[in-house]
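Colleague: Contents of query.cif (mmCIF, C-alpha atoms) are given next:
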```cif
data_structure
#
loop_
_atom_site.label_atom_id
_atom_site.label_comp_id
_atom_site.auth_asym_id
_atom_site.auth_seq_id
_atom_site.Cartn_x
_atom_site.Cartn_y
_atom_site.Cartn_z
CA MET F 1 0.00 0.00 0.00
CA THR F 2 1.63 3.24 -1.09
CA ALA F 3 -1.13 5.87 -1.18
CA ALA F 4 -2.36 7.67 1.91
CA GLY F 5 -6.03 7.72 0.81
CA PRO F 6 -6.37 3.91 0.62
CA ALA F 7 -4.46 3.59 3.92
CA VAL F 8 -6.92 5.90 5.67
CA ASP F 9 -9.77 4.01 3.99
CA ALA F 10 -8.39 0.75 5.43
CA LEU F 11 -8.40 2.23 8.94
CA THR F 12 -11.90 3.60 8.39
CA ALA F 13 -13.07 0.14 7.25
CA ARG F 14 -11.82 -1.37 10.53
CA PHE F 15 -13.95 1.09 12.46
CA VAL F 16 -16.97 0.39 10.23
CA ALA F 17 -16.63 -3.35 10.90
CA ALA F 18 -16.17 -2.84 14.65
CA LEU F 19 -19.12 -0.45 14.90
CA GLY F 20 -21.26 -2.95 12.98
CA ARG F 21 -20.36 -5.71 15.44
CA GLN F 22 -21.52 -3.46 18.29
CA GLY F 23 -24.74 -2.47 16.52
CA ALA F 24 -23.79 1.22 16.43
CA MET F 25 -25.50 1.76 13.10
CA ALA F 26 -25.81 5.57 13.15
CA GLU F 27 -22.10 5.89 13.93
CA LEU F 28 -21.27 3.25 11.30
CA MET F 29 -23.15 5.20 8.63
CA ALA F 30 -21.44 8.47 9.60
CA VAL F 31 -17.98 6.90 9.49
CA ALA F 32 -18.69 5.07 6.23
CA SER F 33 -19.60 8.38 4.57
CA LEU F 34 -16.58 10.28 5.93
CA GLY F 35 -14.63 11.47 2.93
CA GLY F 36 -12.16 14.10 1.97
CA ALA F 37 -8.43 14.09 1.64
CA PRO F 38 -6.35 12.77 4.55
CA GLN F 39 -4.80 15.47 6.73
CA LEU F 40 -1.14 14.52 6.32
CA VAL F 41 2.17 16.39 6.16
CA GLY F 42 5.39 15.81 4.28
CA GLU F 43 7.48 15.81 7.45
CA PRO F 44 5.94 15.15 10.89
CA PRO F 45 6.82 17.55 13.72
CA ASP F 46 9.72 16.81 16.04
CA LEU F 47 7.94 15.52 19.16
CA PRO F 48 9.73 13.31 21.72
CA VAL F 49 7.15 10.50 21.62
CA LEU F 50 7.62 10.00 17.88
CA ALA F 51 10.95 8.31 18.65
CA HIS F 52 8.73 5.35 19.66
CA LEU F 53 6.49 5.41 16.58
CA GLU F 54 8.13 2.50 14.74
CA ASP F 55 7.81 0.25 17.81
CA ALA F 56 4.14 1.21 18.14
CA ILE F 57 3.59 0.35 14.45
CA ALA F 58 5.34 -2.99 14.97
CA ARG F 59 2.88 -3.75 17.77
CA VAL F 60 -0.01 -3.31 15.31
CA ALA F 61 1.49 -6.10 13.18
CA ASP F 62 2.18 -8.27 16.24
CA GLU F 63 -1.16 -7.79 18.00
CA VAL F 64 -3.72 -6.97 15.29
CA ASP F 65 -2.45 -7.80 11.77
CA GLY F 66 0.19 -6.92 9.23
CA GLN F 67 -2.16 -5.40 6.67
CA LEU F 68 -3.52 -2.89 9.19
CA ALA F 69 0.03 -2.18 10.41
CA GLU F 70 1.07 -1.30 6.87
CA ALA F 71 -1.87 1.09 6.45
CA VAL F 72 -1.53 2.67 9.89
CA GLY F 73 2.23 2.99 9.48
CA LEU F 74 1.85 4.87 6.21
CA VAL F 75 -0.57 7.30 7.83
CA ALA F 76 1.23 7.63 11.19
CA ARG F 77 4.57 8.47 9.59
CA ARG F 78 2.96 11.43 7.79
CA ALA F 79 0.41 12.52 10.39
CA ALA F 80 0.30 16.12 11.61
CA TRP F 81 1.00 15.14 15.23
CA THR F 82 0.24 17.64 17.98
CA ARG F 83 -0.46 17.74 21.72
CA THR F 84 -3.28 19.23 23.77
CA ALA F 85 -1.97 22.60 24.97
CA SER F 86 -3.63 22.35 28.39
CA TYR F 87 -1.54 19.22 29.13
CA VAL F 88 1.76 21.16 29.20
CA ASP F 89 1.94 21.12 33.01
CA ASP F 90 1.99 17.30 33.04
CA VAL F 91 5.58 17.08 31.83
CA ALA F 92 5.75 13.27 31.56
CA LEU F 93 2.51 13.00 29.60
CA PHE F 94 3.34 15.97 27.39
CA ALA F 95 6.61 14.27 26.37
CA GLY F 96 5.05 10.82 25.99
CA TYR F 97 1.94 11.48 23.96
CA ALA F 98 0.68 13.00 20.72
CA HIS F 99 -2.49 12.88 18.65
CA ALA F 100 -3.28 13.62 15.03
CA GLU F 101 -6.49 14.18 13.13
CA VAL F 102 -6.37 12.10 9.97
CA ARG F 103 -9.70 12.88 8.33
CA GLY F 104 -12.75 14.75 9.50
CA ASP F 105 -15.37 17.41 9.25
CA ASP F 106 -17.34 19.62 11.66
CA ASP F 107 -19.03 16.68 13.39
CA LEU F 108 -16.69 13.70 13.04
CA VAL F 109 -12.94 13.17 13.31
CA LEU F 110 -10.87 10.07 12.65
CA GLY F 111 -7.46 10.25 14.27
CA LEU F 112 -4.53 8.53 15.90
CA VAL F 113 -2.95 8.73 19.35
CA VAL F 114 0.54 7.51 20.16
CA LEU F 115 1.60 6.89 23.75
CA GLY F 116 5.20 6.14 24.62
CA PRO F 117 6.38 3.49 27.07
CA ASP F 118 5.40 3.84 30.74
CA VAL F 119 2.99 6.71 30.13
CA HIS F 120 0.08 7.47 32.44
CA TYR F 121 -2.55 9.49 30.58
CA ARG F 122 -4.49 10.53 33.63
CA ALA F 123 -8.27 10.84 33.87
CA HIS F 124 -9.66 13.28 31.35
CA HIS F 125 -12.96 13.91 29.60
CA HIS F 126 -14.48 15.86 26.73
CA PRO F 127 -17.89 16.66 25.26
CA ALA F 128 -17.31 14.54 22.14
CA GLU F 129 -18.60 11.00 22.05
CA GLU F 130 -15.57 8.79 21.47
CA TYR F 131 -14.70 5.37 20.09
CA TYR F 132 -11.19 3.99 20.42
CA LEU F 133 -9.62 1.10 18.56
CA PRO F 134 -6.46 0.19 20.50
CA LEU F 135 -3.80 -1.07 18.11
CA GLY F 136 -1.88 -2.68 20.96
CA ALA F 137 -2.97 -3.99 24.36
CA ILE F 138 -3.26 -1.23 26.98
CA ARG F 139 -4.48 -0.66 30.54
CA TRP F 140 -7.53 1.55 30.81
CA ASP F 141 -9.71 3.07 33.51
CA HIS F 142 -13.18 3.87 32.21
CA GLY F 143 -14.18 5.34 35.57
CA GLU F 144 -14.60 2.08 37.47
CA GLY F 145 -11.00 0.90 37.98
CA TRP F 146 -8.17 -0.35 35.80
CA VAL F 147 -8.71 -3.12 33.24
CA ASP F 148 -6.57 -4.63 30.51
CA GLU F 149 -7.99 -3.86 27.07
CA PRO F 150 -6.88 -6.08 24.18
CA ALA F 151 -5.71 -4.81 20.83
CA GLY F 152 -8.34 -4.49 18.13
CA GLU F 153 -11.44 -4.34 20.38
CA LEU F 154 -13.65 -1.27 20.14
CA ILE F 155 -13.98 0.94 23.25
CA HIS F 156 -16.75 3.52 23.69
CA HIS F 157 -16.85 6.62 25.91
CA ALA F 158 -19.99 8.70 26.26
CA PRO F 159 -19.65 12.49 26.30
CA TRP F 160 -17.94 13.69 29.51
CA GLN F 161 -17.18 10.12 30.67
CA PRO F 162 -13.86 10.23 32.55
CA HIS F 163 -11.24 7.78 31.32
CA ALA F 164 -7.50 7.21 31.72
CA MET F 165 -4.85 5.06 30.01
CA ALA F 166 -1.50 3.57 30.98
CA THR F 167 1.12 1.88 28.85
CA GLY F 168 3.67 -0.71 29.83
CA ASP F 169 7.21 -1.05 28.54
CA ARG F 170 6.27 -0.45 24.88
CA ALA F 171 4.65 2.39 22.98
CA VAL F 172 1.14 1.94 21.60
CA LEU F 173 -0.94 3.45 18.81
CA LEU F 174 -4.68 3.94 19.15
CA ALA F 175 -7.14 5.00 16.47
CA TYR F 176 -10.07 7.14 17.55
CA LEU F 177 -13.34 8.60 16.35
CA TRP F 178 -14.83 11.73 17.88
CA PHE F 179 -18.47 12.64 17.22
CA ASP F 180 -20.22 16.02 17.60
CA ALA F 181 -18.21 18.46 19.79
CA VAL F 182 -14.96 17.69 17.94
CA ASP F 183 -13.50 21.19 18.33
CA THR F 184 -13.51 21.15 22.15
CA PRO F 185 -10.31 19.60 23.52
CA SER F 186 -10.22 17.20 26.42
CA VAL F 187 -9.38 18.41 29.91
CA PHE F 188 -8.08 16.60 32.97
CA VAL F 189 -10.59 15.53 35.58
CA GLU F 190 -9.63 17.08 38.88
CA PRO F 191 -9.24 14.54 41.70
#
```
Just dump the structure as structure tokens.

Modeller:
Amino acid sequence: MTAAGPAVDALTARFVAALGRQGAMAELMAVASLGGAPQLVGEPPDLPVLAHLEDAIARVADEVDGQLAEAVGLVARRAAWTRTASYVDDVALFAGYAHAEVRGDDDLVLGLVVLGPDVHYRAHHHPAEEYYLPLGAIRWDHGEGWVDEPAGELIHHAPWQPHAMATGDRAVLLAYLWFDAVDTPSVFVEP
């Protein structure tokens, strides 16, 4: 796979299949109709966590499948990675995380998150409804305690539902969908 458009389409198709298995038909239809050119750059920004990107892509091949790893790798290597500005005070997280919108419109965004090794992405929330597709196994707290989430299984968060993530000794990529309030960034939940 050499073109970014088909690579993004392959990632989109994984979400469509996963949403169909969960019976989320309205979301499935919205994602299936998401078009437009991928939001990619010639040279990704110089962020510390991107030093772990190749390992995170390798995990996709190891834990999900090689075809998806090829598609995600093509997109991730050219993604316009950024970080949520309000996270700057959490020095460890700010160095160990980035996200990138890959395709979207005013009501729906498809994107990627990369978390480096030994990162704790503390409890946060946002007004957007969210679906995650972890592309490597990861620990997650959906508001009721920590659980191990396997690679390739769809995770849903309702608007404003607090959630947190933690990685082990390897970096991980996650694909996400945000619905509705996509322009409002997430904020940490105060303890």

Colleague: In terms of the shortest atom-to-atom distance over only C-alpha atoms, which of F:Met29, F:Ala37, F:Leu115, F:Pro185 is closest to F:Glu54?

Modeller: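 Closest residue, counting only C-alpha atoms: F:Leu115.
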
Colleague: I need the output of the PyMOL selection byres ((chain F and resi 137) around 10) for this file as an MDAnalysis selection string; which residues are they?

Modeller: chainID F and resid 59:60 63:64 134:136 138:140 148:153 167:168 170 172:174

Colleague: What is the atom CA of F:Glu43-atom CA of F:Leu177 distance in Å, reported with one decimal?

Modeller: 23.8 Å

Colleague: Please provide the set of residues having any atom within 12 Å of stretch 71-73 of chain F, restricted to all atoms listed in the file, with same-chain residues fewer than 2 positions apart removed, written as number ranges by chain.

Modeller: F: 1-14, 53-61, 64-69, 75-79, 102, 111-114, 133-135, 173-175

Colleague: What does the file look like for those residues with C-alpha atoms, as a PDB file, in the coordinates of the input?

Modeller:
```pdb
ATOM      1  CA  MET F   1       0.000   0.000   0.000  1.00  0.00           C
ATOM      2  CA  THR F   2       1.630   3.240  -1.090  1.00  0.00           C
ATOM      3  CA  ALA F   3      -1.130   5.870  -1.180  1.00  0.00           C
ATOM      4  CA  ALA F   4      -2.360   7.670   1.910  1.00  0.00           C
ATOM      5  CA  GLY F   5      -6.030   7.720   0.810  1.00  0.00           C
ATOM      6  CA  PRO F   6      -6.370   3.910   0.620  1.00  0.00           C
ATOM      7  CA  ALA F   7      -4.460   3.590   3.920  1.00  0.00           C
ATOM      8  CA  VAL F   8      -6.920   5.900   5.670  1.00  0.00           C
ATOM      9  CA  ASP F   9      -9.770   4.010   3.990  1.00  0.00           C
ATOM     10  CA  ALA F  10      -8.390   0.750   5.430  1.00  0.00           C
ATOM     11  CA  LEU F  11      -8.400   2.230   8.940  1.00  0.00           C
ATOM     12  CA  THR F  12     -11.900   3.600   8.390  1.00  0.00           C
ATOM     13  CA  ALA F  13     -13.070   0.140   7.250  1.00  0.00           C
ATOM     14  CA  ARG F  14     -11.820  -1.370  10.530  1.00  0.00           C
ATOM     15  CA  LEU F  53       6.490   5.410  16.580  1.00  0.00           C
ATOM     16  CA  GLU F  54       8.130   2.500  14.740  1.00  0.00           C
ATOM     17  CA  ASP F  55       7.810   0.250  17.810  1.00  0.00           C
ATOM     18  CA  ALA F  56       4.140   1.210  18.140  1.00  0.00           C
ATOM     19  CA  ILE F  57       3.590   0.350  14.450  1.00  0.00           C
ATOM     20  CA  ALA F  58       5.340  -2.990  14.970  1.00  0.00           C
ATOM     21  CA  ARG F  59       2.880  -3.750  17.770  1.00  0.00           C
ATOM     22  CA  VAL F  60      -0.010  -3.310  15.310  1.00  0.00           C
ATOM     23  CA  ALA F  61       1.490  -6.100  13.180  1.00  0.00           C
ATOM     24  CA  VAL F  64      -3.720  -6.970  15.290  1.00  0.00           C
ATOM     25  CA  ASP F  65      -2.450  -7.800  11.770  1.00  0.00           C
ATOM     26  CA  GLY F  66       0.190  -6.920   9.230  1.00  0.00           C
ATOM     27  CA  GLN F  67      -2.160  -5.400   6.670  1.00  0.00           C
ATOM     28  CA  LEU F  68      -3.520  -2.890   9.190  1.00  0.00           C
ATOM     29  CA  ALA F  69       0.030  -2.180  10.410  1.00  0.00           C
ATOM     30  CA  VAL F  75      -0.570   7.300   7.830  1.00  0.00           C
ATOM     31  CA  ALA F  76       1.230   7.630  11.190  1.00  0.00           C
ATOM     32  CA  ARG F  77       4.570   8.470   9.590  1.00  0.00           C
ATOM     33  CA  ARG F  78       2.960  11.430   7.790  1.00  0.00           C
ATOM     34  CA  ALA F  79       0.410  12.520  10.390  1.00  0.00           C
ATOM     35  CA  VAL F 102      -6.370  12.100   9.970  1.00  0.00           C
ATOM     36  CA  GLY F 111      -7.460  10.250  14.270  1.00  0.00           C
ATOM     37  CA  LEU F 112      -4.530   8.530  15.900  1.00  0.00           C
ATOM     38  CA  VAL F 113      -2.950   8.730  19.350  1.00  0.00           C
ATOM     39  CA  VAL F 114       0.540   7.510  20.160  1.00  0.00           C
ATOM     40  CA  LEU F 133      -9.620   1.100  18.560  1.00  0.00           C
ATOM     41  CA  PRO F 134      -6.460   0.190  20.500  1.00  0.00           C
ATOM     42  CA  LEU F 135      -3.800  -1.070  18.110  1.00  0.00           C
ATOM     43  CA  LEU F 173      -0.940   3.450  18.810  1.00  0.00           C
ATOM     44  CA  LEU F 174      -4.680   3.940  19.150  1.00  0.00           C
ATOM     45  CA  ALA F 175      -7.140   5.000  16.470  1.00  0.00           C
TER      46      ALA F 175
END
```

Colleague: For each of F:Asp118, F:Asp183, F:Glu70, F:Glu144, take the minimum atom-to-atom distance to F:Leu93, counting only C-alpha atoms, then give the residue where this is smallest.

Modeller: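 Closest residue, counting only C-alpha atoms: F:Asp118.
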
Colleague: Translate the PyMOL selection byres ((chain F and resi 103) around 9) into a concrete residue list for this structure, as a list in words.

Modeller: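 After applying the PyMOL selection byres ((chain F and resi 103) around 9), what remains is Val8, Leu34, Gly35, Gly36, Ala37, Pro38, Gln39, Leu40, Glu101, Val102, Gly104, Asp105, Leu108, Val109, Leu110 and Gly111 of chain F.
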
Colleague: Rounded to one decimal in Å, what is the spacing between atom CA of F:Thr184 and atom CA of F:Ala18?

Modeller: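 Rounded to one decimal, the two atoms are 25.3 Å apart.
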
Colleague: Do you know which residues are at most 10 Å from stretch 45-47 of chain F counting all atoms listed in the file, after dropping those on the same chain fewer than 6 positions away, and could you put them as an mmCIF file with C-alpha atoms, in the coordinates of the input?

Modeller:
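Listed below is the output, around.cif:
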```
data_model
loop_
_atom_site.group_PDB
_atom_site.id
_atom_site.type_symbol
_atom_site.label_atom_id
_atom_site.label_comp_id
_atom_site.auth_asym_id
_atom_site.auth_seq_id
_atom_site.Cartn_x
_atom_site.Cartn_y
_atom_site.Cartn_z
ATOM 1 C CA ARG F 78 2.960 11.430 7.790
ATOM 2 C CA ALA F 79 0.410 12.520 10.390
ATOM 3 C CA ALA F 80 0.300 16.120 11.610
ATOM 4 C CA TRP F 81 1.000 15.140 15.230
ATOM 5 C CA THR F 82 0.240 17.640 17.980
ATOM 6 C CA ARG F 83 -0.460 17.740 21.720
ATOM 7 C CA PHE F 94 3.340 15.970 27.390
ATOM 8 C CA ALA F 95 6.610 14.270 26.370
ATOM 9 C CA GLY F 96 5.050 10.820 25.990
ATOM 10 C CA TYR F 97 1.940 11.480 23.960
ATOM 11 C CA ALA F 98 0.680 13.000 20.720
#
```
